[in-house]
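Source file: query.csv; contents: CSV, C-alpha atoms and all ligand atoms.
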chain,number,residue,atom,x,y,z
A,1,MET,CA,22.3,13.1,7.0
A,2,ARG,CA,19.5,10.6,6.2
A,3,LEU,CA,19.8,8.4,3.2
A,4,ILE,CA,16.7,6.8,1.8
A,5,LEU,CA,16.0,4.5,-1.2
A,6,LEU,CA,12.7,4.1,-2.9
A,7,VAL,CA,12.6,0.8,-4.8
A,8,ASP,CA,9.8,0.5,-7.4
A,9,MET,CA,9.4,-2.5,-9.6
A,10,ASP,CA,9.1,-1.9,-13.4
A,11,TYR,CA,5.8,-2.8,-15.1
A,12,PHE,CA,5.3,-5.1,-12.2
A,13,PHE,CA,2.3,-7.4,-13.1
A,14,VAL,CA,3.5,-8.1,-16.6
A,15,ALA,CA,7.1,-8.6,-15.3
A,16,CYS,CA,5.7,-11.3,-13.0
A,17,GLU,CA,4.0,-12.9,-15.9
A,18,GLU,CA,7.2,-12.9,-17.9
A,19,LEU,CA,8.8,-15.0,-15.2
A,20,ARG,CA,6.5,-17.9,-16.0
A,21,ARG,CA,6.0,-17.1,-19.7
A,22,PRO,CA,9.4,-16.1,-21.1
A,23,ASP,CA,7.8,-16.2,-24.6
A,24,ILE,CA,6.2,-12.8,-24.1
A,25,LYS,CA,9.5,-11.0,-23.4
A,26,GLY,CA,10.0,-8.1,-25.8
A,27,LYS,CA,6.5,-8.3,-27.2
A,28,PRO,CA,3.7,-5.9,-26.4
A,29,ALA,CA,1.8,-7.5,-23.5
A,30,VAL,CA,-0.7,-6.2,-20.9
A,31,VAL,CA,-2.4,-7.6,-17.8
A,32,GLY,CA,-6.1,-7.3,-18.2
A,33,SER,CA,-8.4,-9.9,-19.7
A,34,ASP,CA,-8.7,-10.4,-23.4
A,35,PRO,CA,-11.3,-7.8,-24.6
A,36,ARG,CA,-12.7,-10.0,-27.3
A,37,PRO,CA,-14.8,-12.6,-25.4
A,38,THR,CA,-15.9,-10.1,-22.7
A,39,GLY,CA,-16.9,-7.4,-25.2
A,40,GLY,CA,-14.1,-5.2,-24.0
A,41,ARG,CA,-15.0,-4.3,-20.5
A,42,GLY,CA,-12.3,-3.6,-17.9
A,43,VAL,CA,-9.1,-1.8,-18.0
A,44,VAL,CA,-5.4,-2.4,-18.6
A,45,MET,CA,-3.8,-3.0,-15.2
A,46,THR,CA,-0.3,-2.6,-16.5
A,47,ALA,CA,1.5,-2.7,-19.8
A,48,ASN,CA,5.1,-3.6,-20.5
A,49,TYR,CA,7.4,-1.2,-22.2
A,50,PRO,CA,7.0,-2.6,-25.7
A,51,ALA,CA,3.2,-2.0,-25.3
A,52,ARG,CA,3.8,1.4,-23.9
A,53,LYS,CA,5.6,2.3,-27.1
A,54,PHE,CA,2.2,2.1,-28.8
A,55,GLY,CA,0.6,4.3,-26.1
A,56,LEU,CA,-0.9,1.5,-24.0
A,57,ARG,CA,-1.2,2.6,-20.3
A,58,SER,CA,-2.5,1.5,-16.9
A,59,GLY,CA,-6.1,2.4,-16.5
A,60,MET,CA,-6.8,2.5,-20.3
A,61,PRO,CA,-10.0,0.7,-21.3
A,62,LEU,CA,-9.1,-2.7,-22.8
A,63,SER,CA,-11.4,-2.0,-25.8
A,64,LEU,CA,-9.3,1.1,-26.6
A,65,ALA,CA,-6.1,-0.8,-26.1
A,66,TYR,CA,-7.4,-3.4,-28.5
A,67,ARG,CA,-8.2,-0.8,-31.2
A,68,ILE,CA,-4.7,0.7,-30.8
A,69,LYS,CA,-2.7,-2.6,-31.0
A,70,LYS,CA,-4.6,-5.8,-31.9
A,71,ASP,CA,-1.8,-8.3,-31.6
A,72,THR,CA,-1.0,-7.3,-28.0
A,73,ILE,CA,-0.8,-10.3,-25.6
A,74,TYR,CA,-3.7,-10.0,-23.0
A,75,MET,CA,-3.4,-11.9,-19.7
A,76,PRO,CA,-6.0,-12.1,-17.0
A,77,GLU,CA,-4.8,-10.8,-13.6
A,78,ASP,CA,-3.7,-13.2,-11.0
A,79,PHE,CA,-3.3,-11.2,-7.8
A,80,GLU,CA,-2.4,-14.2,-5.6
A,81,TYR,CA,0.6,-14.9,-7.8
A,82,TYR,CA,1.7,-11.2,-7.9
A,83,GLU,CA,1.5,-11.2,-4.1
A,84,GLN,CA,3.7,-14.2,-3.8
A,85,VAL,CA,6.3,-12.6,-6.0
A,86,SER,CA,5.8,-9.3,-4.1
A,87,ARG,CA,6.7,-11.1,-0.8
A,88,LYS,CA,10.0,-12.3,-2.3
A,89,VAL,CA,10.7,-8.8,-3.6
A,90,MET,CA,10.0,-7.3,-0.1
A,91,ASP,CA,12.2,-9.8,1.6
A,92,LEU,CA,15.0,-8.9,-0.7
A,93,ILE,CA,14.7,-5.2,-0.1
A,94,LYS,CA,14.5,-5.7,3.7
A,95,LYS,CA,18.0,-7.2,3.6
A,96,TYR,CA,19.3,-3.9,2.5
A,97,ALA,CA,17.3,-1.7,4.9
A,98,ASP,CA,18.0,-0.4,8.3
A,99,ARG,CA,14.4,0.5,8.4
A,100,PHE,CA,11.8,-0.7,5.9
A,101,GLU,CA,8.4,0.5,4.8
A,102,GLN,CA,6.3,-1.2,2.2
A,103,VAL,CA,4.2,1.3,0.3
A,104,SER,CA,2.3,-0.9,-2.2
A,105,ILE,CA,2.5,-4.3,-3.8
A,106,ASP,CA,5.6,-3.3,-5.8
A,107,GLU,CA,7.2,-0.5,-3.9
A,108,ALA,CA,9.1,0.1,-0.7
A,109,PHE,CA,11.2,2.6,1.2
A,110,ALA,CA,14.5,1.6,2.7
A,111,ASP,CA,16.2,3.9,5.2
A,112,VAL,CA,19.9,3.0,4.8
A,113,SER,CA,21.4,5.8,7.0
A,114,VAL,CA,23.1,3.4,9.4
A,115,ARG,CA,24.9,1.2,6.8
A,116,ALA,CA,25.5,4.0,4.3
A,117,LYS,CA,27.4,7.1,5.3
A,118,SER,CA,27.7,9.0,2.0
A,119,TYR,CA,26.0,9.4,-1.3
A,120,GLU,CA,28.5,7.0,-2.8
A,121,ASP,CA,27.7,4.3,-0.2
A,122,ALA,CA,24.0,4.7,-0.9
A,123,LEU,CA,24.5,4.5,-4.6
A,124,ALA,CA,26.7,1.3,-4.3
A,125,LEU,CA,24.0,-0.3,-2.1
A,126,ALA,CA,21.3,0.6,-4.6
A,127,ALA,CA,23.4,-1.0,-7.4
A,128,ARG,CA,23.9,-4.2,-5.4
A,129,LEU,CA,20.2,-4.4,-4.5
A,130,LYS,CA,19.2,-3.9,-8.1
A,131,LYS,CA,21.7,-6.5,-9.3
A,132,GLU,CA,20.4,-9.1,-6.8
A,133,MET,CA,16.8,-8.4,-7.8
A,134,LYS,CA,17.7,-9.1,-11.4
A,135,GLU,CA,19.9,-12.1,-10.7
A,136,GLU,CA,17.9,-13.8,-7.9
A,137,LEU,CA,14.3,-12.9,-8.9
A,138,GLY,CA,14.7,-12.0,-12.6
A,139,LEU,CA,12.9,-8.7,-12.1
A,140,PRO,CA,13.8,-5.2,-13.2
A,141,CYS,CA,13.3,-2.3,-10.8
A,142,SER,CA,14.1,1.4,-10.5
A,143,ILE,CA,15.6,3.1,-7.5
A,144,GLY,CA,15.5,6.7,-6.3
A,145,VAL,CA,18.1,7.7,-3.8
A,146,SER,CA,17.9,10.9,-1.7
A,147,THR,CA,17.8,12.3,1.8
A,148,ASN,CA,14.0,12.1,2.3
A,149,LYS,CA,11.1,10.0,1.2
A,150,LEU,CA,9.5,12.5,-1.1
A,151,VAL,CA,12.6,13.2,-3.2
A,152,ALA,CA,13.6,9.5,-3.3
A,153,LYS,CA,10.1,8.7,-4.7
A,154,MET,CA,10.3,11.5,-7.3
A,155,ALA,CA,13.9,10.4,-8.2
A,156,SER,CA,12.7,6.8,-8.8
A,157,GLU,CA,10.1,8.1,-11.3
A,158,ASP,CA,13.0,9.7,-13.2
A,159,ALA,CA,15.1,6.5,-13.0
A,160,LYS,CA,12.5,4.5,-14.9
A,161,PRO,CA,12.8,2.1,-16.5
A,162,ASN,CA,15.5,0.0,-15.0
A,163,GLY,CA,17.7,2.8,-13.6
A,164,ILE,CA,19.1,4.4,-10.4
A,165,LYS,CA,18.9,8.1,-9.8
A,166,LEU,CA,20.5,10.1,-7.0
A,167,VAL,CA,19.3,13.5,-6.0
A,168,LYS,CA,21.5,15.2,-3.5
A,169,GLU,CA,19.9,17.4,-0.8
A,170,ALA,CA,21.4,20.6,-2.3
A,171,ASP,CA,19.9,19.7,-5.7
A,172,ALA,CA,16.5,18.7,-4.6
A,173,LYS,CA,14.8,22.0,-5.2
A,174,GLU,CA,16.1,22.5,-8.7
A,175,PHE,CA,15.3,18.8,-9.5
A,176,LEU,CA,11.7,19.4,-8.6
A,177,SER,CA,11.1,22.9,-9.9
A,178,GLY,CA,10.5,22.1,-13.6
A,179,LYS,CA,8.0,19.3,-13.0
A,180,ARG,CA,4.3,19.7,-13.2
A,181,VAL,CA,2.4,20.1,-9.9
A,182,GLY,CA,0.4,17.0,-10.6
A,183,ASP,CA,3.6,15.0,-10.5
A,184,LEU,CA,4.4,16.1,-6.9
A,185,TYR,CA,4.2,13.1,-4.5
A,186,GLY,CA,1.1,13.4,-2.5
A,187,VAL,CA,-0.8,15.5,-5.1
A,188,GLY,CA,-3.5,13.5,-6.8
A,189,LYS,CA,-5.0,14.1,-10.2
A,190,LYS,CA,-7.9,16.1,-8.8
A,191,MET,CA,-5.7,18.2,-6.6
A,192,GLY,CA,-3.3,18.8,-9.5
A,193,LYS,CA,-6.2,20.4,-11.5
A,194,VAL,CA,-7.2,22.6,-8.6
A,195,LEU,CA,-3.6,23.8,-8.2
A,196,GLU,CA,-3.3,24.5,-11.9
A,197,GLY,CA,-6.6,26.5,-11.6
A,198,PHE,CA,-4.9,28.8,-9.1
A,199,GLY,CA,-2.0,29.3,-11.5
A,200,TYR,CA,0.5,26.9,-10.1
A,201,LYS,CA,1.6,25.0,-13.1
A,202,THR,CA,5.0,23.7,-12.0
A,203,ILE,CA,6.4,22.6,-8.7
A,204,GLY,CA,8.7,25.6,-8.9
A,205,ASP,CA,5.6,27.9,-9.0
A,206,LEU,CA,4.4,26.3,-5.8
A,207,ALA,CA,7.8,26.5,-4.2
A,208,LYS,CA,7.9,30.3,-4.9
A,209,ALA,CA,4.4,30.9,-3.7
A,210,ASN,CA,3.7,32.8,-0.5
A,211,PRO,CA,3.1,30.0,2.2
A,212,VAL,CA,0.6,32.3,3.9
A,213,VAL,CA,-1.5,32.3,0.8
A,214,LEU,CA,-1.3,28.6,0.4
A,215,VAL,CA,-2.4,28.0,4.0
A,216,GLU,CA,-5.3,30.4,3.5
A,217,ARG,CA,-6.4,28.4,0.5
A,218,PHE,CA,-5.6,24.9,1.6
A,219,LYS,CA,-5.3,24.9,5.4
A,220,SER,CA,-2.7,22.6,6.9
A,221,TYR,CA,-2.3,20.9,3.5
A,222,GLY,CA,-1.1,24.3,2.1
A,223,ALA,CA,1.9,24.3,4.5
A,224,GLU,CA,2.7,20.8,3.6
A,225,LEU,CA,2.5,21.5,-0.1
A,226,HIS,CA,4.9,24.4,0.3
A,227,ASN,CA,7.4,22.2,2.0
A,228,SER,CA,7.0,19.4,-0.5
A,229,ALA,CA,7.5,21.8,-3.4
A,230,ASN,CA,10.7,22.9,-1.8
A,231,GLY,CA,11.9,19.3,-1.4
A,232,ILE,CA,11.4,19.3,2.4
A,233,ASP,CA,10.0,16.1,4.0
A,234,GLU,CA,10.7,15.1,7.5
A,235,SER,CA,8.5,12.0,7.6
A,236,GLU,CA,10.3,8.8,8.8
A,237,VAL,CA,10.5,5.5,7.1
A,238,GLN,CA,8.0,3.6,9.2
A,239,GLU,CA,8.0,-0.1,9.9
A,240,ASN,CA,4.3,-0.4,9.8
A,241,TRP,CA,3.5,-3.3,7.6
A,242,GLU,CA,3.9,-6.2,10.0
A,243,VAL,CA,0.5,-5.9,11.7
A,244,LYS,CA,-1.3,-9.1,10.8
A,245,SER,CA,-4.3,-8.8,13.1
A,246,ILE,CA,-5.6,-6.7,16.0
A,247,GLY,CA,-7.5,-8.2,18.9
A,248,ARG,CA,-8.6,-8.0,22.5
A,249,GLU,CA,-9.3,-10.7,25.1
A,250,ARG,CA,-11.0,-10.5,28.5
A,251,THR,CA,-11.5,-12.9,31.4
A,252,PHE,CA,-14.7,-12.7,33.2
A,253,ALA,CA,-14.6,-11.8,36.9
A,254,ARG,CA,-16.8,-14.9,37.4
A,255,ASP,CA,-17.6,-17.6,34.8
A,256,THR,CA,-20.8,-16.8,33.0
A,257,SER,CA,-23.2,-18.0,30.4
A,258,ASP,CA,-25.2,-14.8,30.3
A,259,ARG,CA,-25.6,-13.6,26.7
A,260,GLU,CA,-26.1,-9.9,27.7
A,261,GLU,CA,-22.9,-9.8,29.6
A,262,VAL,CA,-21.0,-11.5,26.7
A,263,ALA,CA,-22.5,-9.1,24.2
A,264,ARG,CA,-21.6,-6.1,26.4
A,265,LEU,CA,-18.0,-7.3,26.6
A,266,PHE,CA,-17.8,-7.9,22.9
A,267,GLY,CA,-19.1,-4.3,22.3
A,268,GLY,CA,-16.4,-2.8,24.5
A,269,MET,CA,-13.6,-4.9,23.0
A,270,SER,CA,-14.8,-4.1,19.5
A,271,LYS,CA,-14.6,-0.4,20.2
A,272,GLU,CA,-11.0,-0.7,21.3
A,273,VAL,CA,-10.1,-2.7,18.3
A,274,GLY,CA,-11.8,-0.1,16.1
A,275,GLU,CA,-9.8,2.7,17.7
A,276,GLU,CA,-6.5,0.8,17.1
A,277,LEU,CA,-7.5,0.2,13.4
A,278,GLY,CA,-8.2,4.0,13.1
A,279,LYS,CA,-4.8,4.9,14.6
A,280,GLN,CA,-3.0,2.6,12.2
A,281,GLY,CA,-5.2,3.5,9.1
A,282,LEU,CA,-6.2,-0.1,8.6
A,283,ALA,CA,-9.4,-1.8,7.4
A,284,PHE,CA,-10.3,-5.4,8.1
A,285,LYS,CA,-12.2,-8.1,6.3
A,286,VAL,CA,-12.2,-11.0,8.8
A,287,VAL,CA,-13.6,-11.2,12.3
A,288,THR,CA,-12.7,-14.0,14.6
A,289,ILE,CA,-14.0,-14.8,18.1
A,290,LYS,CA,-12.4,-16.9,20.7
A,291,LEU,CA,-14.5,-18.6,23.4
A,292,ARG,CA,-12.8,-20.3,26.3
A,293,TYR,CA,-15.1,-22.4,28.5
A,294,ALA,CA,-14.8,-23.0,32.2
A,295,ASP,CA,-13.5,-26.5,31.4
A,296,PHE,CA,-10.7,-24.9,29.3
A,297,GLU,CA,-12.1,-26.0,26.0
A,298,GLU,CA,-11.4,-23.3,23.4
A,299,VAL,CA,-13.0,-22.5,20.1
A,300,LEU,CA,-12.2,-20.1,17.4
A,301,LYS,CA,-14.8,-19.1,14.9
A,302,SER,CA,-14.4,-16.6,12.0
A,303,ARG,CA,-16.4,-14.9,9.4
A,304,SER,CA,-15.2,-13.0,6.4
A,305,LEU,CA,-17.1,-10.0,5.2
A,306,THR,CA,-17.7,-9.3,1.5
A,307,HIS,CA,-16.1,-5.9,1.9
A,308,ARG,CA,-13.4,-4.1,3.9
A,309,SER,CA,-14.6,-2.3,7.0
A,310,VAL,CA,-13.3,0.1,9.6
A,311,ASP,CA,-16.6,0.0,11.7
A,312,PRO,CA,-16.4,-1.1,15.3
A,313,GLU,CA,-20.2,-1.7,15.3
A,314,GLU,CA,-19.6,-4.2,12.6
A,315,ILE,CA,-16.9,-6.0,14.5
A,316,SER,CA,-19.3,-6.2,17.5
A,317,ARG,CA,-22.3,-7.3,15.4
A,318,VAL,CA,-20.3,-10.1,13.7
A,319,ALA,CA,-18.8,-11.2,16.9
A,320,ILE,CA,-22.2,-11.5,18.6
A,321,GLN,CA,-23.6,-13.3,15.5
A,322,LEU,CA,-20.8,-15.8,15.7
A,323,PHE,CA,-21.4,-16.3,19.4
A,324,ASP,CA,-25.1,-16.9,18.9
A,325,ARG,CA,-24.4,-19.4,16.2
A,326,TYR,CA,-21.6,-21.4,17.7
A,327,ALA,CA,-21.6,-21.0,21.5
A,328,GLU,CA,-22.6,-24.0,23.5
A,329,ARG,CA,-25.9,-23.0,25.2
A,330,GLY,CA,-25.7,-22.9,29.0
A,331,GLU,CA,-22.0,-23.6,29.1
A,332,GLU,CA,-20.1,-21.3,31.4
A,333,LEU,CA,-17.4,-19.1,29.7
A,334,ARG,CA,-14.2,-18.1,31.4
A,335,LYS,CA,-12.8,-15.8,28.7
A,336,ILE,CA,-13.7,-14.4,25.3
A,337,GLY,CA,-11.8,-12.6,22.6
A,338,VAL,CA,-12.3,-10.8,19.3
A,339,ARG,CA,-9.8,-10.3,16.6
A,340,VAL,CA,-9.8,-8.7,13.1
A,341,SER,CA,-7.5,-9.7,10.4
A,342,ASN,CA,-6.9,-9.6,6.6
A,343,LEU,CA,-5.9,-6.0,7.1
A,344,VAL,CA,-5.1,-3.4,4.5
A,345,LYS,CA,-4.0,0.1,4.7
A,346,TYR,CA,-6.8,2.4,3.6
A,347,ARG,CA,-5.2,5.6,4.6
A,348,GLY,CA,-2.1,6.2,2.5
A,349,GLN,CA,-0.3,9.5,2.5
A,350,LYS,CA,-2.1,10.7,-0.6
A,351,SER,CA,-5.6,10.2,0.6
A,352,MET,CA,-4.9,11.8,3.9
A,353,LYS,CA,-3.7,15.0,2.2
A,354,GLU,CA,-6.5,15.0,-0.3
A,355,TYR,CA,-8.8,14.6,2.7
A,356,ALA,CA,-7.1,17.5,4.5
A,357,ALA,CA,-7.5,19.6,1.4
A,358,GLY,CA,-11.2,18.8,1.3
A,359,GLY,CA,-10.7,17.0,-2.0
B,401,LIG,N1,-1.9,-1.2,-11.0
B,401,LIG,C1,-3.2,-1.3,-11.3
B,401,LIG,N2,-4.0,-0.2,-11.7
B,401,LIG,C2,-3.4,1.0,-11.9
B,401,LIG,C3,-2.0,1.1,-11.6
B,401,LIG,C4,-1.3,0.1,-11.2
B,401,LIG,O1,-3.7,-2.4,-11.1
B,401,LIG,N3,-4.2,2.0,-12.3
B,401,LIG,C5,-1.1,-2.3,-10.6
B,401,LIG,C6,-0.4,-2.9,-11.8
B,401,LIG,C7,1.0,-2.5,-11.7
B,401,LIG,C8,1.2,-2.4,-10.2
B,401,LIG,O2,-0.1,-2.0,-9.6
B,401,LIG,O3,1.9,-3.5,-12.2
B,401,LIG,C9,2.2,-1.4,-9.8
B,401,LIG,O4,1.9,-0.1,-10.2
B,401,LIG,P1,2.9,1.0,-10.7
B,401,LIG,O5,2.2,2.3,-10.7
B,401,LIG,O6,4.2,0.9,-10.0
B,401,LIG,O7,3.1,0.6,-12.3
B,401,LIG,P2,4.0,-0.5,-13.0
B,401,LIG,O8,4.8,-1.2,-12.0
B,401,LIG,O9,3.0,-1.3,-13.8
B,401,LIG,O10,4.8,0.4,-14.0
B,401,LIG,P3,6.1,1.2,-13.8
B,401,LIG,O11,7.2,0.5,-14.5
B,401,LIG,O12,5.8,2.5,-14.4
B,401,LIG,O13,6.3,1.3,-12.3
B,402,CA,CA,6.1,-0.1,-10.5
B,403,CA,CA,4.5,1.3,-7.7
What is this file in structure tokens?
Ligand code: DCP
Ligand code: CA
Ligand code: CA
Amino acid sequence: MRLILLVDMDYFFVACEELRRPDIKGKPAVVGSDPRPTGGRGVVMTANYPARKFGLRSGMPLSLAYRIKKDTIYMPEDFEYYEQVSRKVMDLIKKYADRFEQVSIDEAFADVSVRAKSYEDALALAARLKKEMKEELGLPCSIGVSTNKLVAKMASEDAKPNGIKLVKEADAKEFLSGKRVGDLYGVGKKMGKVLEGFGYKTIGDLAKANPVVLVERFKSYGAELHNSANGIDESEVQENWEVKSIGRERTFARDTSDREEVARLFGGMSKEVGEELGKQGLAFKVVTIKLRYADFEEVLKSRSLTHRSVDPEEISRVAIQLFDRYAERGEELRKIGVRVSNLVKYRGQKSMKEYAAGG
């Protein structure tokens, strides 16, 4: 039996702010800049629980939040700081995991099947993790425990705030059946509406549906939906977050200063890098070239794009621009390389499924 935890931090951005501003604890507070000087553009990124009591929510326009609750504390977002805190959070979760997969800035799966042999073991581990998170980092979290990722994630939603919830394999179907289809992991807002349009209001409705009909309507996604609705998810916890850069290097058969030859080689390497990015569902922001001259001098030059890209042509174009700008004219090169970094996952589980569904 597999045993999997999903750890999700409670009201994460505001919880981070509370660490350095204990005065806001217990008071309604949101991350999102003060609507008054900006004329109220922008949205609430997250609200703490006292603010949620008044109906303030992630994604709500700040102007509306301000109308609802004037004396809320508004704080501008500080992503760098949240990422710093996130790294500590992830390091802590890793200590409890046989296999670890970060899903977002405040959320990760831990497969604990090696160190935990029973539901009781897994619950005890979750309790220790949660306690250490509170005592060492001062942050509240919620943990779902189950035998697959899907049900662990759904259990964590039920555990909020500041709780632990175990859903045993035998109880998974019943646990899911009463919930709305839009709440099923992997079903986005848009897809939720579509499913409701077909008469599937609850996850139980989907679970009972004829899978053949679902496949006719939604192709391969239909089969997956049927499994999900029945609490079935075979996907593994994947250690996929460690990739920091992807690159290729080549040595010339004979030292060269020929621009065409260099450009051709950059083109080929960029294509390979692009393929690797595609396989891993990653987008890049920074392109770096390496030039090693015949005299073994080596230079690295980088350029950061204003946007994230997945396009191999763009890698190649930037590499050649960097070469044109920085290469020593006429100097013989022995080796060149190109590398992309500042990688983010653009293809999460959700978007893949929405894509497969044509949504
Ligand atoms: N976030 C955001 N915009 C959104 C949703 C979330 O910027 N529409 C950010 C702010 C959150 C963080 O991502 O703090 C984590 O998102 P969650 O969905 O896990 O929400 P919270 O951690 O804020 O709340 P909860 O306690 O419900 O998990
Ligand atoms: Ca969260
Ligand atoms: Ca989250």
Atom pair atom CA of Lys25 of chain A / atom CA of Met9 of chain A: separation (Å):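 Computing it gives 16.2 Å between the two atoms.
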Got a sec: who's within 12 Å of Met269 of chain A, counting only C-alpha atoms, leaving out chain neighbours fewer than 3 positions off, as a PyMOL selection string? chain A and resi 246-251+262-266+272-276+289+312-313+315-317+319-320+336-340
Write out as JSON lines the residues of chain A that have any atom within 7 Å of an atom of ligand CA 403 (chain B), one row each with the nearest atom pair and its distance in Å to one decimal, counting all atoms listed in the file, sorted by chain and then rising number.
{"residue": "A:Asp8", "atom": "CA", "partner": "B:CA403", "partner_atom": "CA", "distance": 5.4}
{"residue": "A:Met9", "atom": "CA", "partner": "B:CA403", "partner_atom": "CA", "distance": 6.5}
{"residue": "A:Ser104", "atom": "CA", "partner": "B:CA403", "partner_atom": "CA", "distance": 6.3}
{"residue": "A:Asp106", "atom": "CA", "partner": "B:CA403", "partner_atom": "CA", "distance": 5.1}
{"residue": "A:Glu107", "atom": "CA", "partner": "B:CA403", "partner_atom": "CA", "distance": 5.0}
Counting only C-alpha atoms and all ligand atoms, the residue of A:Cys141, A:Ala116, A:Met90, A:Val187 that sits nearest ligand LIG 401 (chain B): A:Cys141
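Taking atom CA of Lys244 of chain A as the reference point, atom CA of Ser304 of chain A is found at 15.1 Å.
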If we count only C-alpha atoms, what is near Val44 of chain A at a cut-off of 6 Å, once residues fewer than 6 positions away on the same chain are taken out, given as JSON, numbers by chain? {"A": [32, 58, 59, 60, 62]}
Write the residues you've just listed into a file as a compact mmCIF listing (two decimals), in the coordinates of the input, and include C-alpha atoms for each of them.
# COMPACT_ATOMS: atom_id res chain seq x y z
CA GLY A 32 -6.10 -7.30 -18.20
CA SER A 58 -2.50 1.50 -16.90
CA GLY A 59 -6.10 2.40 -16.50
CA MET A 60 -6.80 2.50 -20.30
CA LEU A 62 -9.10 -2.70 -22.80
Once you count only C-alpha atoms and all ligand atoms, what closest atom pair and distance in Å to one decimal does each residue of chain A within 10 Å of ligand CA 402 (chain B) have, with rows by chain and rising residue number, as CSV?
residue,atom,partner,partner_atom,distance
A:Val7,CA,B:CA402,CA,8.7
A:Asp8,CA,B:CA402,CA,4.9
A:Met9,CA,B:CA402,CA,4.2
A:Asp10,CA,B:CA402,CA,4.5
A:Tyr11,CA,B:CA402,CA,5.3
A:Phe12,CA,B:CA402,CA,5.3
A:Phe13,CA,B:CA402,CA,8.6
A:Ala15,CA,B:CA402,CA,9.8
A:Thr46,CA,B:CA402,CA,9.1
A:Ser104,CA,B:CA402,CA,9.2
A:Ile105,CA,B:CA402,CA,8.7
A:Asp106,CA,B:CA402,CA,5.7
A:Glu107,CA,B:CA402,CA,6.7
A:Pro140,CA,B:CA402,CA,9.6
A:Cys141,CA,B:CA402,CA,7.5
A:Ser142,CA,B:CA402,CA,8.1
A:Ser156,CA,B:CA402,CA,9.7
A:Glu157,CA,B:CA402,CA,9.2
A:Lys160,CA,B:CA402,CA,9.0
A:Pro161,CA,B:CA402,CA,9.3
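When all atoms listed in the file are used to measure the gap to Asp98 of chain A, the shortest distance among A:Arg2, A:Arg308, A:Arg67, A:Lys285 belongs to A:Arg2.
Using all atoms listed in the file, the smallest distance between any of A:Met133, A:Met75, A:Ala124, A:Leu195 and Asp91 of chain A comes from A:Met133.
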One-decimal distance in Å that lies between atom CA of Gly182 of chain A and atom CA of Leu166 of chain A: 21.6 Å
Pick from A:Asp255, A:Asp311, A:Glu239, A:Glu261 nearest to Gln102 of chain A, counting all atoms listed in the file: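 Using all atoms listed in the file, the shortest distance to Gln102 of chain A belongs to A:Glu239.
Using all atoms listed in the file, the nearest neighbour of Glu297 of chain A within the list A:Ser235, A:Ala108, A:Asp121, A:Ala327 is A:Ala327.
Minimum atom-to-atom distances from A:Arg57, A:Lys95, A:Lys69, A:Arg254 to ligand LIG 401 (chain B) were compared using only C-alpha atoms and all ligand atoms, and the lowest value belongs to A:Arg57.
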Point (17.5, -4.5, 2.4), cut-off 12 Å, counting only C-alpha atoms, residues as a PyMOL selection string: chain A and resi 4-7+88-102+108-116+122+125-130+132-133
For Thr147 of chain A, list every protein, DNA or RNA residue within 8 Å, evaluated using all atoms listed in the file, and leave out those in the same chain fewer than 5 positions away; present the list as an NGL selection string. :A and (1-4 or 152 or 168-169)
Identify, on the basis of only C-alpha atoms, every residue whose closest approach to segment 206-214 of chain A does not exceed 9 Å; exclude the query and any residue fewer than 2 positions from it along the same chain; express the result as a PDB file with C-alpha atoms, in the frame of the given file.
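Listing of out32.pdb after writing:
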ATOM      1  CA  LYS A 173      14.800  22.000  -5.200  1.00  0.00           C
ATOM      2  CA  SER A 177      11.100  22.900  -9.900  1.00  0.00           C
ATOM      3  CA  VAL A 181       2.400  20.100  -9.900  1.00  0.00           C
ATOM      4  CA  LEU A 195      -3.600  23.800  -8.200  1.00  0.00           C
ATOM      5  CA  TYR A 200       0.500  26.900 -10.100  1.00  0.00           C
ATOM      6  CA  LYS A 201       1.600  25.000 -13.100  1.00  0.00           C
ATOM      7  CA  THR A 202       5.000  23.700 -12.000  1.00  0.00           C
ATOM      8  CA  ILE A 203       6.400  22.600  -8.700  1.00  0.00           C
ATOM      9  CA  GLY A 204       8.700  25.600  -8.900  1.00  0.00           C
ATOM     10  CA  GLU A 216      -5.300  30.400   3.500  1.00  0.00           C
ATOM     11  CA  ARG A 217      -6.400  28.400   0.500  1.00  0.00           C
ATOM     12  CA  PHE A 218      -5.600  24.900   1.600  1.00  0.00           C
ATOM     13  CA  LYS A 219      -5.300  24.900   5.400  1.00  0.00           C
ATOM     14  CA  SER A 220      -2.700  22.600   6.900  1.00  0.00           C
ATOM     15  CA  TYR A 221      -2.300  20.900   3.500  1.00  0.00           C
ATOM     16  CA  GLY A 222      -1.100  24.300   2.100  1.00  0.00           C
ATOM     17  CA  ALA A 223       1.900  24.300   4.500  1.00  0.00           C
ATOM     18  CA  LEU A 225       2.500  21.500  -0.100  1.00  0.00           C
ATOM     19  CA  HIS A 226       4.900  24.400   0.300  1.00  0.00           C
ATOM     20  CA  ASN A 227       7.400  22.200   2.000  1.00  0.00           C
ATOM     21  CA  SER A 228       7.000  19.400  -0.500  1.00  0.00           C
ATOM     22  CA  ALA A 229       7.500  21.800  -3.400  1.00  0.00           C
ATOM     23  CA  ASN A 230      10.700  22.900  -1.800  1.00  0.00           C
ATOM     24  CA  GLY A 231      11.900  19.300  -1.400  1.00  0.00           C
TER      25      GLY A 231
END
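Close contacts of Ser257 of chain A, defined as residues with an atom at most 10 Å away when counting only C-alpha atoms, with chain neighbours fewer than 3 positions off set aside, comprise Arg254, Glu260, Glu261, Val262, Tyr293, Ala294, Ala327, Glu328, Arg329, Gly330, Glu331, Glu332, Leu333 and Arg334 of chain A.
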Please, what is the axis-aligned box for every listed atom of segment 45-49 of chain A with 5 Å on each side, as centre and edge lengths in Å to one decimal, as AutoDock Vina command-line options?
--center_x 1.8 --center_y -2.4 --center_z -18.7 --size_x 21.2 --size_y 12.4 --size_z 17.0
